[in-house]
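With compact mmCIF, C-alpha atoms inside, this is entry03.txt:
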# COMPACT_ATOMS: atom_id res chain seq x y z
CA MET A 8 20.60 9.28 12.92
CA GLU A 9 22.16 9.71 9.53
CA VAL A 10 19.82 11.87 7.57
CA GLY A 11 17.51 14.77 8.27
CA GLU A 12 18.94 15.44 11.74
CA PRO A 13 15.97 16.78 13.72
CA GLU A 14 16.24 20.17 15.29
CA ILE A 15 15.70 19.89 19.01
CA PRO A 16 13.97 23.02 20.36
CA LYS A 17 16.35 24.93 22.61
CA ASN A 18 13.80 25.13 25.38
CA GLN A 19 13.31 21.37 25.45
CA ALA A 20 15.28 19.90 28.31
CA LYS A 21 16.98 16.58 27.60
CA SER A 22 15.38 15.08 30.68
CA GLU A 23 11.86 15.69 29.35
CA LYS A 24 9.94 12.49 28.88
CA PRO A 25 9.71 11.78 25.15
CA LYS A 26 6.24 11.92 23.65
CA GLU A 27 4.80 8.55 22.74
CA ARG A 28 3.94 9.65 19.23
CA PHE A 29 6.52 11.58 17.33
CA SER A 30 6.94 12.85 13.83
CA TYR A 31 9.29 11.83 11.05
CA ARG A 32 11.61 14.67 12.02
CA THR A 33 12.06 13.30 15.51
CA ALA A 34 12.36 9.71 14.44
CA MET A 35 15.86 8.80 15.53
CA LYS A 36 16.17 5.25 14.35
CA THR A 37 17.48 3.92 11.11
CA ILE A 38 15.23 1.48 9.24
CA ASN A 39 17.45 -1.36 10.35
CA GLU A 40 17.25 -0.36 14.03
CA ALA A 41 13.48 0.10 13.89
CA PHE A 42 12.99 -3.31 12.29
CA LEU A 43 15.09 -4.91 15.02
CA GLU A 44 12.94 -3.15 17.61
CA PHE A 45 9.80 -4.42 15.87
CA LEU A 46 11.12 -7.99 15.83
CA ASN A 47 12.18 -7.84 19.47
CA GLU A 48 8.71 -6.68 20.46
CA GLN A 49 7.09 -9.53 18.53
CA LYS A 50 9.47 -12.21 19.78
CA LYS A 51 7.89 -12.68 23.20
CA ASP A 52 4.49 -13.57 21.72
CA LEU A 53 5.68 -15.97 19.02
CA SER A 54 6.88 -19.53 18.75
CA PRO A 55 10.49 -19.84 17.52
CA ARG A 56 9.28 -21.12 14.15
CA THR A 57 6.81 -18.28 13.64
CA TYR A 58 9.40 -15.77 14.82
CA ASN A 59 11.78 -17.19 12.23
CA ASP A 60 9.19 -16.48 9.51
CA TYR A 61 8.82 -12.91 10.80
CA ASP A 62 12.58 -12.50 10.82
CA ASN A 63 12.88 -13.88 7.29
CA LEU A 64 10.22 -11.58 5.92
CA ILE A 65 11.69 -8.50 7.57
CA SER A 66 15.10 -9.52 6.19
CA LEU A 67 13.57 -9.77 2.72
CA PHE A 68 12.02 -6.34 3.11
CA GLU A 69 15.38 -4.90 4.19
CA GLU A 70 17.05 -6.49 1.19
CA TYR A 71 14.36 -5.18 -1.13
CA LEU A 72 14.98 -1.69 0.23
CA ASP A 73 18.77 -2.04 0.07
CA VAL A 74 18.69 -3.16 -3.56
CA CYS A 75 15.78 -1.21 -4.98
CA ALA A 76 14.82 1.81 -2.89
CA SER A 77 17.97 3.83 -3.51
CA ASP A 78 16.91 4.21 -7.16
CA ASP A 79 14.19 6.61 -6.02
CA LEU A 80 16.37 8.81 -3.82
CA TYR A 81 16.91 12.49 -4.52
CA GLU A 82 20.35 13.30 -5.89
CA GLU A 83 21.65 14.58 -2.56
CA ASP A 84 20.60 11.42 -0.73
CA GLN A 85 22.00 9.26 -3.52
CA GLU A 86 25.38 10.90 -3.04
CA LEU A 87 25.16 10.31 0.69
CA SER A 88 24.15 6.70 0.14
CA LYS A 89 27.07 6.08 -2.24
CA GLU A 90 29.51 7.71 0.16
CA LYS A 91 28.29 5.68 3.16
CA GLN A 92 28.33 2.51 1.13
CA LYS A 93 31.85 3.12 -0.08
CA ASN A 94 33.42 4.41 3.12
CA GLU A 95 31.41 2.70 5.83
CA HIS A 96 30.02 -0.30 3.93
CA LYS A 97 26.52 0.65 4.98
CA GLU A 98 23.40 -0.22 3.05
CA TYR A 99 20.18 1.73 2.60
CA CYS A 100 18.49 0.43 5.75
CA GLN A 101 21.56 1.18 7.85
CA ILE A 102 21.77 4.74 6.52
CA PHE A 103 18.25 6.08 6.31
CA GLU A 104 15.47 6.53 8.81
CA LEU A 105 11.95 5.19 8.62
CA ALA A 106 10.68 8.18 6.70
CA TYR A 107 12.62 6.70 3.79
CA ILE A 108 10.17 3.81 3.53
CA ALA A 109 7.42 4.87 1.15
CA PRO A 110 4.02 3.18 1.42
CA SER A 111 4.60 2.07 -2.16
CA ASP A 112 7.66 0.10 -0.99
CA ILE A 113 5.38 -2.11 1.09
CA GLU A 114 3.07 -2.60 -1.89
CA TYR A 115 5.92 -3.44 -4.26
CA LEU A 116 7.35 -5.90 -1.77
CA ILE A 117 4.12 -7.88 -1.71
CA GLU A 118 2.81 -7.46 -5.24
CA ASP A 119 6.11 -7.74 -7.08
CA TYR A 120 9.25 -8.62 -5.12
CA LEU A 121 7.95 -11.65 -3.25
CA ILE A 122 6.17 -12.96 -6.35
CA ASN A 123 8.64 -12.28 -9.13
CA ASP A 124 12.06 -11.46 -7.77
CA VAL A 125 12.69 -13.86 -4.94
CA LYS A 126 11.42 -16.66 -7.12
CA GLY A 127 13.39 -15.30 -10.09
CA VAL A 128 16.66 -15.22 -8.24
CA GLN A 129 16.09 -18.73 -6.95
CA LEU A 130 15.39 -20.00 -10.45
CA SER A 131 18.32 -18.15 -11.98
CA LEU A 132 20.71 -19.62 -9.48
CA LYS A 133 19.18 -23.06 -9.33
CA LEU A 134 22.46 -24.76 -10.16
CA GLN A 135 24.04 -23.23 -7.11
CA GLY A 136 21.24 -24.51 -4.90
CA ASN A 137 18.24 -22.80 -3.43
CA PHE A 138 19.94 -19.46 -3.10
CA SER A 139 17.93 -16.35 -2.49
CA ILE A 140 18.86 -12.72 -2.28
CA ASN A 141 18.18 -13.14 1.41
CA SER A 142 21.41 -15.03 1.71
CA CYS A 143 23.44 -11.88 1.03
CA PRO A 144 23.46 -9.57 4.04
CA ARG A 145 23.52 -12.06 6.86
CA PRO A 146 26.80 -13.68 5.85
CA MET A 147 28.29 -10.20 5.60
CA LYS A 148 27.02 -9.23 9.03
CA LYS A 149 28.48 -12.46 10.38
CA LYS A 150 31.74 -11.64 8.60
CA TYR A 151 31.54 -14.67 6.30
CA LEU A 152 31.51 -12.30 3.39
CA ASP A 153 33.48 -9.11 3.12
CA PRO A 154 31.66 -5.91 2.18
CA GLU A 155 33.22 -5.66 -1.28
CA HIS A 156 31.95 -9.08 -2.21
CA TYR A 157 28.59 -8.27 -0.70
CA SER A 158 28.30 -5.16 -2.88
CA GLU A 159 29.29 -7.21 -5.90
CA LEU A 160 26.67 -9.80 -5.09
CA ALA A 161 23.99 -7.22 -4.40
CA GLU A 162 24.82 -5.68 -7.79
CA VAL A 163 24.40 -9.03 -9.52
CA VAL A 164 21.10 -9.65 -7.77
CA GLY A 165 19.96 -6.10 -8.51
CA SER A 166 20.86 -6.46 -12.17
CA ILE A 167 18.78 -9.62 -12.43
CA ARG A 168 15.81 -7.67 -11.11
CA LYS A 169 16.42 -4.65 -13.32
CA LYS A 170 16.94 -6.84 -16.37
CA GLY A 171 13.48 -8.26 -15.84
CA LYS A 172 11.92 -4.83 -15.46
CA LYS A 173 13.64 -3.35 -18.50
CA ALA A 174 12.77 -6.32 -20.64
CA ALA A 175 9.16 -5.72 -19.72
CA MET B 30 31.48 -15.31 -6.64
CA GLU B 31 30.64 -18.81 -7.81
CA ASP B 32 32.53 -20.22 -4.87
CA PHE B 33 30.44 -18.08 -2.61
CA LEU B 34 27.18 -19.15 -4.23
CA GLY B 35 28.27 -22.74 -4.17
CA PHE B 36 29.21 -22.50 -0.54
CA PHE B 37 26.22 -20.61 0.77
CA ILE B 38 23.53 -22.94 -0.46
CA VAL B 39 21.44 -22.10 2.52
CA LEU B 40 17.82 -21.41 1.82
CA LYS B 41 16.93 -18.82 4.42
CA VAL B 42 13.51 -18.12 2.99
CA GLU B 43 11.34 -20.73 1.42
CA THR B 44 8.46 -19.16 -0.37
CA SER B 45 6.39 -21.97 0.98
CA LYS B 46 2.69 -21.65 1.47
CA ASN B 47 3.18 -21.40 5.21
CA PHE B 48 5.61 -18.55 4.81
CA LEU B 49 3.31 -16.75 2.40
CA LYS B 50 0.48 -17.04 4.90
CA VAL B 51 2.65 -15.20 7.39
CA VAL B 52 3.42 -12.37 4.95
CA GLY B 53 0.03 -10.67 5.25
CA ARG B 54 0.01 -10.97 9.04
CA VAL B 55 3.55 -9.64 9.47
CA MET B 56 3.08 -6.75 7.07
CA HIS B 57 -0.20 -5.84 8.76
CA LYS B 58 1.54 -5.87 12.15
CA LEU B 59 4.50 -3.93 10.83
CA VAL B 60 2.33 -1.24 9.25
CA LYS B 61 0.27 -0.94 12.46
CA TRP B 62 3.47 -0.81 14.52
CA LEU B 63 4.90 1.93 12.31
CA HIS B 64 1.67 3.90 12.64
CA ASP B 65 1.38 3.39 16.41
CA LYS B 66 4.94 4.54 16.88
CA GLY B 67 4.24 7.62 14.81
CA TYR B 68 6.46 6.58 11.93
CA MET B 69 3.58 6.45 9.45
CA ALA B 70 0.98 9.14 8.80
CA ASP B 71 -2.70 8.33 9.39
CA ASP B 72 -3.65 8.58 5.70
CA ASP B 73 -0.77 6.39 4.59
CA TYR B 74 -1.60 3.84 7.28
CA GLU B 75 -5.23 3.49 6.25
CA ALA B 76 -4.36 3.20 2.57
CA ILE B 77 -1.50 0.74 2.93
CA ASP B 78 -3.25 -1.44 5.52
CA LYS B 79 -6.21 -1.80 3.15
CA ARG B 80 -3.82 -2.63 0.31
CA VAL B 81 -1.96 -5.25 2.37
CA LYS B 82 -5.25 -6.97 3.13
CA GLU B 83 -6.17 -7.00 -0.57
CA LEU B 84 -2.79 -8.26 -1.73
CA LYS B 85 -2.39 -11.03 0.82
CA ALA B 86 -5.50 -12.74 -0.53
CA ASP B 87 -3.87 -13.29 -3.93
CA LEU B 88 -0.26 -13.69 -2.88
CA SER B 89 -0.04 -17.48 -2.70
CA ALA B 90 -1.82 -17.99 -6.01
CA ALA B 91 0.30 -15.32 -7.71
CA VAL B 92 3.59 -16.82 -6.46
CA GLU B 93 2.52 -20.28 -7.60
CA ALA B 94 1.24 -19.04 -10.95
CA SER B 95 4.42 -17.02 -11.54
CA GLY B 96 6.60 -20.08 -10.93
CA LEU B 97 4.46 -22.38 -13.03
CA ILE B 98 4.25 -19.94 -15.97
CA SER B 99 8.06 -19.60 -15.95
CA GLU B 100 8.46 -23.37 -16.01
CA TYR B 101 5.78 -23.70 -18.68
CA ALA B 102 7.57 -21.14 -20.86
CA VAL B 103 10.86 -23.02 -20.56
CA LYS B 104 9.14 -26.22 -21.68
CA SER B 105 7.38 -24.56 -24.66
CA PRO B 106 8.61 -25.91 -27.99
CA HIS B 107 11.05 -23.58 -29.71
CA GLU B 108 9.69 -23.00 -33.17
CA LYS B 109 9.21 -20.26 -35.75
CA TYR B 110 6.19 -18.27 -34.76
CA ALA B 111 4.00 -16.45 -37.25
CA LYS B 112 3.85 -13.50 -34.88
CA GLU B 113 5.45 -12.61 -31.56
CA LEU B 114 4.38 -10.17 -28.87
CA ASN B 115 6.51 -9.04 -25.95
CA SER B 116 4.46 -6.89 -23.65
CA ARG B 117 2.45 -6.35 -20.49
CA PHE B 118 -0.97 -7.88 -20.66
CA THR B 119 -4.10 -7.90 -18.56
CA ILE B 120 -5.80 -11.27 -18.19
CA LYS B 121 -9.30 -10.72 -19.52
CA LYS B 122 -10.74 -14.20 -19.90
CA ILE B 123 -9.85 -17.60 -18.48
CA GLU B 124 -10.89 -21.06 -19.58
CA SER B 125 -9.38 -24.38 -18.62
CA GLY B 126 -5.86 -24.41 -20.08
CA GLU B 127 -6.37 -21.12 -21.94
CA LEU B 128 -5.99 -17.40 -21.26
CA TRP B 129 -7.10 -14.39 -23.25
CA LEU B 130 -4.97 -11.31 -22.81
CA GLU B 131 -5.30 -7.62 -23.53
CA ASP B 132 -2.07 -5.86 -24.49
CA PHE B 133 -1.50 -2.63 -22.58
CA ASP B 134 -0.61 -0.95 -25.87
CA SER B 135 -3.73 -1.97 -27.75
CA THR B 136 -6.78 -1.63 -25.60
CA GLY B 137 -9.88 -3.55 -26.48
CA GLU B 138 -8.26 -6.22 -28.65
CA LEU B 139 -7.98 -9.65 -27.07
CA THR B 140 -5.08 -11.98 -27.81
CA GLY B 141 -5.80 -15.65 -27.34
CA PRO B 142 -6.20 -18.37 -26.65
CA VAL B 143 -2.79 -18.47 -24.99
CA LEU B 144 -2.10 -22.07 -24.05
CA VAL B 145 -1.26 -22.78 -20.43
CA SER B 146 -1.60 -25.78 -18.16
CA GLU B 147 -4.91 -26.34 -16.40
CA GLU B 148 -3.14 -25.69 -13.12
CA ILE B 149 -2.01 -22.27 -14.32
CA SER B 150 -5.45 -21.32 -15.59
CA SER B 151 -6.98 -22.35 -12.28
CA LEU B 152 -4.58 -20.13 -10.35
CA CYS B 153 -4.78 -17.02 -12.55
CA ARG B 154 -7.39 -14.34 -11.92
CA ILE B 155 -9.08 -12.01 -14.33
CA SER B 156 -7.51 -8.51 -14.20
CA TRP B 157 -4.05 -9.69 -13.14
CA THR B 158 -1.13 -8.25 -15.07
CA VAL B 159 1.37 -10.58 -16.74
CA VAL B 160 4.57 -9.65 -18.55
CA LEU B 161 5.11 -12.21 -21.28
CA ARG B 162 6.64 -12.95 -24.65
CA ILE B 163 4.16 -14.99 -26.62
CA GLY B 164 4.25 -16.48 -30.10
CA LYS B 165 1.42 -17.32 -32.47
CA THR B 166 1.27 -20.74 -34.04
CA GLY B 167 -1.87 -21.51 -36.02
CA ASP B 168 -4.84 -20.10 -34.16
CA ARG B 169 -3.19 -20.34 -30.79
CA TRP B 170 -0.50 -18.58 -28.82
CA ARG B 171 2.28 -20.10 -26.77
CA ILE B 172 4.20 -18.51 -23.91
CA ILE B 173 7.85 -18.17 -24.95
CA ASP B 174 9.08 -16.29 -21.90
CA SER B 175 7.61 -14.99 -18.67
CA LYS B 176 8.95 -11.93 -16.86
CA ALA B 177 6.41 -11.30 -14.14
CA VAL B 178 2.96 -11.87 -12.73
CA TYR B 179 1.31 -9.10 -10.74
CA PRO B 180 -1.94 -9.65 -8.87
CA VAL B 181 -2.99 -6.15 -9.81
CA THR B 182 -4.43 -4.38 -12.83
CA GLU B 183 -2.30 -1.99 -14.90
CA TYR B 184 0.87 -2.52 -12.93

Would you kindly transcribe this structure into structure tokens?
Amino acid sequence: MEVGEPEIPKNQAKSEKPKERFSYRTAMKTINEAFLEFLNEQKKDLSPRTYNDYDNLISLFEEYLDVCASDDLYEEDQELSKEKQKNEHKEYCQIFELAYIAPSDIEYLIEDYLINDVKGVQLSLKLQGNFSINSCPRPMKKKYLDPEHYSELAEVVGSIRKKGKKAA
Amino acid sequence: MEDFLGFFIVLKVETSKNFLKVVGRVMHKLVKWLHDKGYMADDDYEAIDKRVKELKADLSAAVEASGLISEYAVKSPHEKYAKELNSRFTIKKIESGELWLEDFDSTGELTGPVLVSEEISSLCRISWTVVLRIGKTGDRWRIIDSKAVYPVTEY
């Protein structure tokens, strides 16, 4: 829990069974953790190939949020995000909880990012092969790419996206 | 950086038709999962689930059209145009190989015909938003550059 630490009522014993439905304030998972939980729950019902598609799409959504969602943060959260990125090499989805996904993020992912940005990055980097923004975080997580280079790459990818928007 | 890009030529996501078919299903499941777990409010869930269903219908065509329009723009002959427009447009009329567009900044006036391939015109839908630079040559317009295709009106 990195942001918006929920206040636990003093009279609520730790051993109490958690309610099945809980509010944003009691949501304890980061976006990244929740997505992993979602994927794990889906895995048992899916073929490896279909699961791979699920995993790829969720990775794309995470990358969309890491690159684009921080633009819409309030100043205080932006400061926190910058600090965590600099000191702990954490990205948006590793810092913030699910309440930091706006319904509009899901819309933009489908109606814009998947159509214009993923394709755009692939075209822009055609000479380097079929590279997509999706290739960024995994190598870092697997320690193929150090965090500084990841940030640099994310910046490049982000600037491609922003360039397109501004030009419009 | 170039070494990295050269080295990691791994395509983790192909925006293939199969993958795009999965997008709607996964996003629907994710949204339902977020709602069921209490991470998404009831109102938001209803609105976004409806929107996901609407968007997934056009996703494959929009991705294909976006790619083809970009390629078409690159192949357009570079010439002096009598007039150029760089704007967001709504597709208002479609005929084989031709589009008629309405500029967001000048409502009511149609710009066209804008020449496209027959494949592009067959994929595009009336009311989609396109972000283009177009140039007029004679009575027709050519696409000089394409920034985006959105399967929505007034993006």

### Message
With all atoms listed in the file as the counted atoms, please give the residues lying no more than 8 Å from Ser99 in chain B, apart from itself and same-chain residues fewer than 6 positions off, as a VMD selection string.
### Response
chain B and resid 174 to 176

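With CA of Leu97 in chain B on one side and CA of Ile163 in chain B on the other, the separation reads 15.5 Å.
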
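Closest approach to chain B among A:Leu72, A:Ser77, A:Leu105, A:Tyr115: A:Leu105, based on all atoms listed in the file.
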
### Query
If you count all atoms listed in the file, which residues fall within 9 Å of Ile65 in chain A, apart from same-chain ones fewer than 2 positions away, as a list in words?
Phe42, Leu43, Leu46, Asp60, Tyr61, Asp62, Asn63, Leu67, Phe68, Glu69 and Glu70 of chain A; Val55 and Met56 of chain B

Mind writing the picked residues with C-alpha atoms as a PDB file, keeping the file's coordinate frame?
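What ended up in result_6.pdb:
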ATOM      1  CA  PHE A  42      12.990  -3.310  12.290  1.00  0.00           C
ATOM      2  CA  LEU A  43      15.090  -4.910  15.020  1.00  0.00           C
ATOM      3  CA  LEU A  46      11.120  -7.990  15.830  1.00  0.00           C
ATOM      4  CA  ASP A  60       9.190 -16.480   9.510  1.00  0.00           C
ATOM      5  CA  TYR A  61       8.820 -12.910  10.800  1.00  0.00           C
ATOM      6  CA  ASP A  62      12.580 -12.500  10.820  1.00  0.00           C
ATOM      7  CA  ASN A  63      12.880 -13.880   7.290  1.00  0.00           C
ATOM      8  CA  LEU A  67      13.570  -9.770   2.720  1.00  0.00           C
ATOM      9  CA  PHE A  68      12.020  -6.340   3.110  1.00  0.00           C
ATOM     10  CA  GLU A  69      15.380  -4.900   4.190  1.00  0.00           C
ATOM     11  CA  GLU A  70      17.050  -6.490   1.190  1.00  0.00           C
TER      12      GLU A  70
ATOM     13  CA  VAL B  55       3.550  -9.640   9.470  1.00  0.00           C
ATOM     14  CA  MET B  56       3.080  -6.750   7.070  1.00  0.00           C
TER      15      MET B  56
END

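You will find CA of Lys58 in chain B at 28.8 Å from CA of Asp84 in chain A.
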
### Task
Place a sphere of radius 10 Å on (-0.8, -5.6, -22.7) in the file coordinates and name every protein, DNA or RNA residue with an atom inside or on its surface, counting all atoms listed in the file; give the answer as a ChimeraX atom specification.
/B:114-120,130-136,138-140,158-161,183

Since the input lacks atoms, please generate N, CA and C atoms for range 48-62 of chain A and provide them as a PDB file, keeping the file's coordinate frame.
ATOM      1  N   GLU A  48      10.023  -6.810  19.811  1.00  0.00           N
ATOM      2  CA  GLU A  48       8.710  -6.680  20.460  1.00  0.00           C
ATOM      3  C   GLU A  48       7.812  -7.872  20.150  1.00  0.00           C
ATOM      4  N   GLN A  49       7.952  -8.419  18.937  1.00  0.00           N
ATOM      5  CA  GLN A  49       7.090  -9.530  18.530  1.00  0.00           C
ATOM      6  C   GLN A  49       7.543 -10.858  19.157  1.00  0.00           C
ATOM      7  N   LYS A  50       8.847 -10.936  19.413  1.00  0.00           N
ATOM      8  CA  LYS A  50       9.470 -12.210  19.780  1.00  0.00           C
ATOM      9  C   LYS A  50       8.790 -12.888  20.973  1.00  0.00           C
ATOM     10  N   LYS A  51       8.434 -12.085  21.953  1.00  0.00           N
ATOM     11  CA  LYS A  51       7.890 -12.680  23.200  1.00  0.00           C
ATOM     12  C   LYS A  51       6.552 -13.373  22.992  1.00  0.00           C
ATOM     13  N   ASP A  52       5.819 -12.987  21.947  1.00  0.00           N
ATOM     14  CA  ASP A  52       4.490 -13.570  21.720  1.00  0.00           C
ATOM     15  C   ASP A  52       4.487 -14.695  20.688  1.00  0.00           C
ATOM     16  N   LEU A  53       5.643 -15.028  20.155  1.00  0.00           N
ATOM     17  CA  LEU A  53       5.680 -15.970  19.020  1.00  0.00           C
ATOM     18  C   LEU A  53       6.464 -17.232  19.335  1.00  0.00           C
ATOM     19  N   SER A  54       6.075 -18.313  18.659  1.00  0.00           N
ATOM     20  CA  SER A  54       6.880 -19.530  18.750  1.00  0.00           C
ATOM     21  C   SER A  54       8.162 -19.285  17.954  1.00  0.00           C
ATOM     22  N   PRO A  55       9.231 -20.040  18.261  1.00  0.00           N
ATOM     23  CA  PRO A  55      10.490 -19.840  17.520  1.00  0.00           C
ATOM     24  C   PRO A  55      10.308 -19.973  16.005  1.00  0.00           C
ATOM     25  N   ARG A  56       9.471 -20.908  15.585  1.00  0.00           N
ATOM     26  CA  ARG A  56       9.280 -21.120  14.150  1.00  0.00           C
ATOM     27  C   ARG A  56       8.572 -19.914  13.504  1.00  0.00           C
ATOM     28  N   THR A  57       7.529 -19.430  14.185  1.00  0.00           N
ATOM     29  CA  THR A  57       6.810 -18.280  13.640  1.00  0.00           C
ATOM     30  C   THR A  57       7.706 -17.042  13.669  1.00  0.00           C
ATOM     31  N   TYR A  58       8.482 -16.918  14.748  1.00  0.00           N
ATOM     32  CA  TYR A  58       9.400 -15.770  14.820  1.00  0.00           C
ATOM     33  C   TYR A  58      10.398 -15.824  13.666  1.00  0.00           C
ATOM     34  N   ASN A  59      10.836 -17.032  13.329  1.00  0.00           N
ATOM     35  CA  ASN A  59      11.780 -17.190  12.230  1.00  0.00           C
ATOM     36  C   ASN A  59      11.173 -16.693  10.911  1.00  0.00           C
ATOM     37  N   ASP A  60       9.878 -16.982  10.713  1.00  0.00           N
ATOM     38  CA  ASP A  60       9.190 -16.480   9.510  1.00  0.00           C
ATOM     39  C   ASP A  60       9.141 -14.944   9.517  1.00  0.00           C
ATOM     40  N   TYR A  61       8.843 -14.389  10.685  1.00  0.00           N
ATOM     41  CA  TYR A  61       8.820 -12.910  10.800  1.00  0.00           C
ATOM     42  C   TYR A  61      10.193 -12.345  10.442  1.00  0.00           C
ATOM     43  N   ASP A  62      11.214 -12.962  11.035  1.00  0.00           N
ATOM     44  CA  ASP A  62      12.580 -12.500  10.820  1.00  0.00           C
ATOM     45  C   ASP A  62      12.953 -12.580   9.337  1.00  0.00           C
TER      46      ASP A  62
END
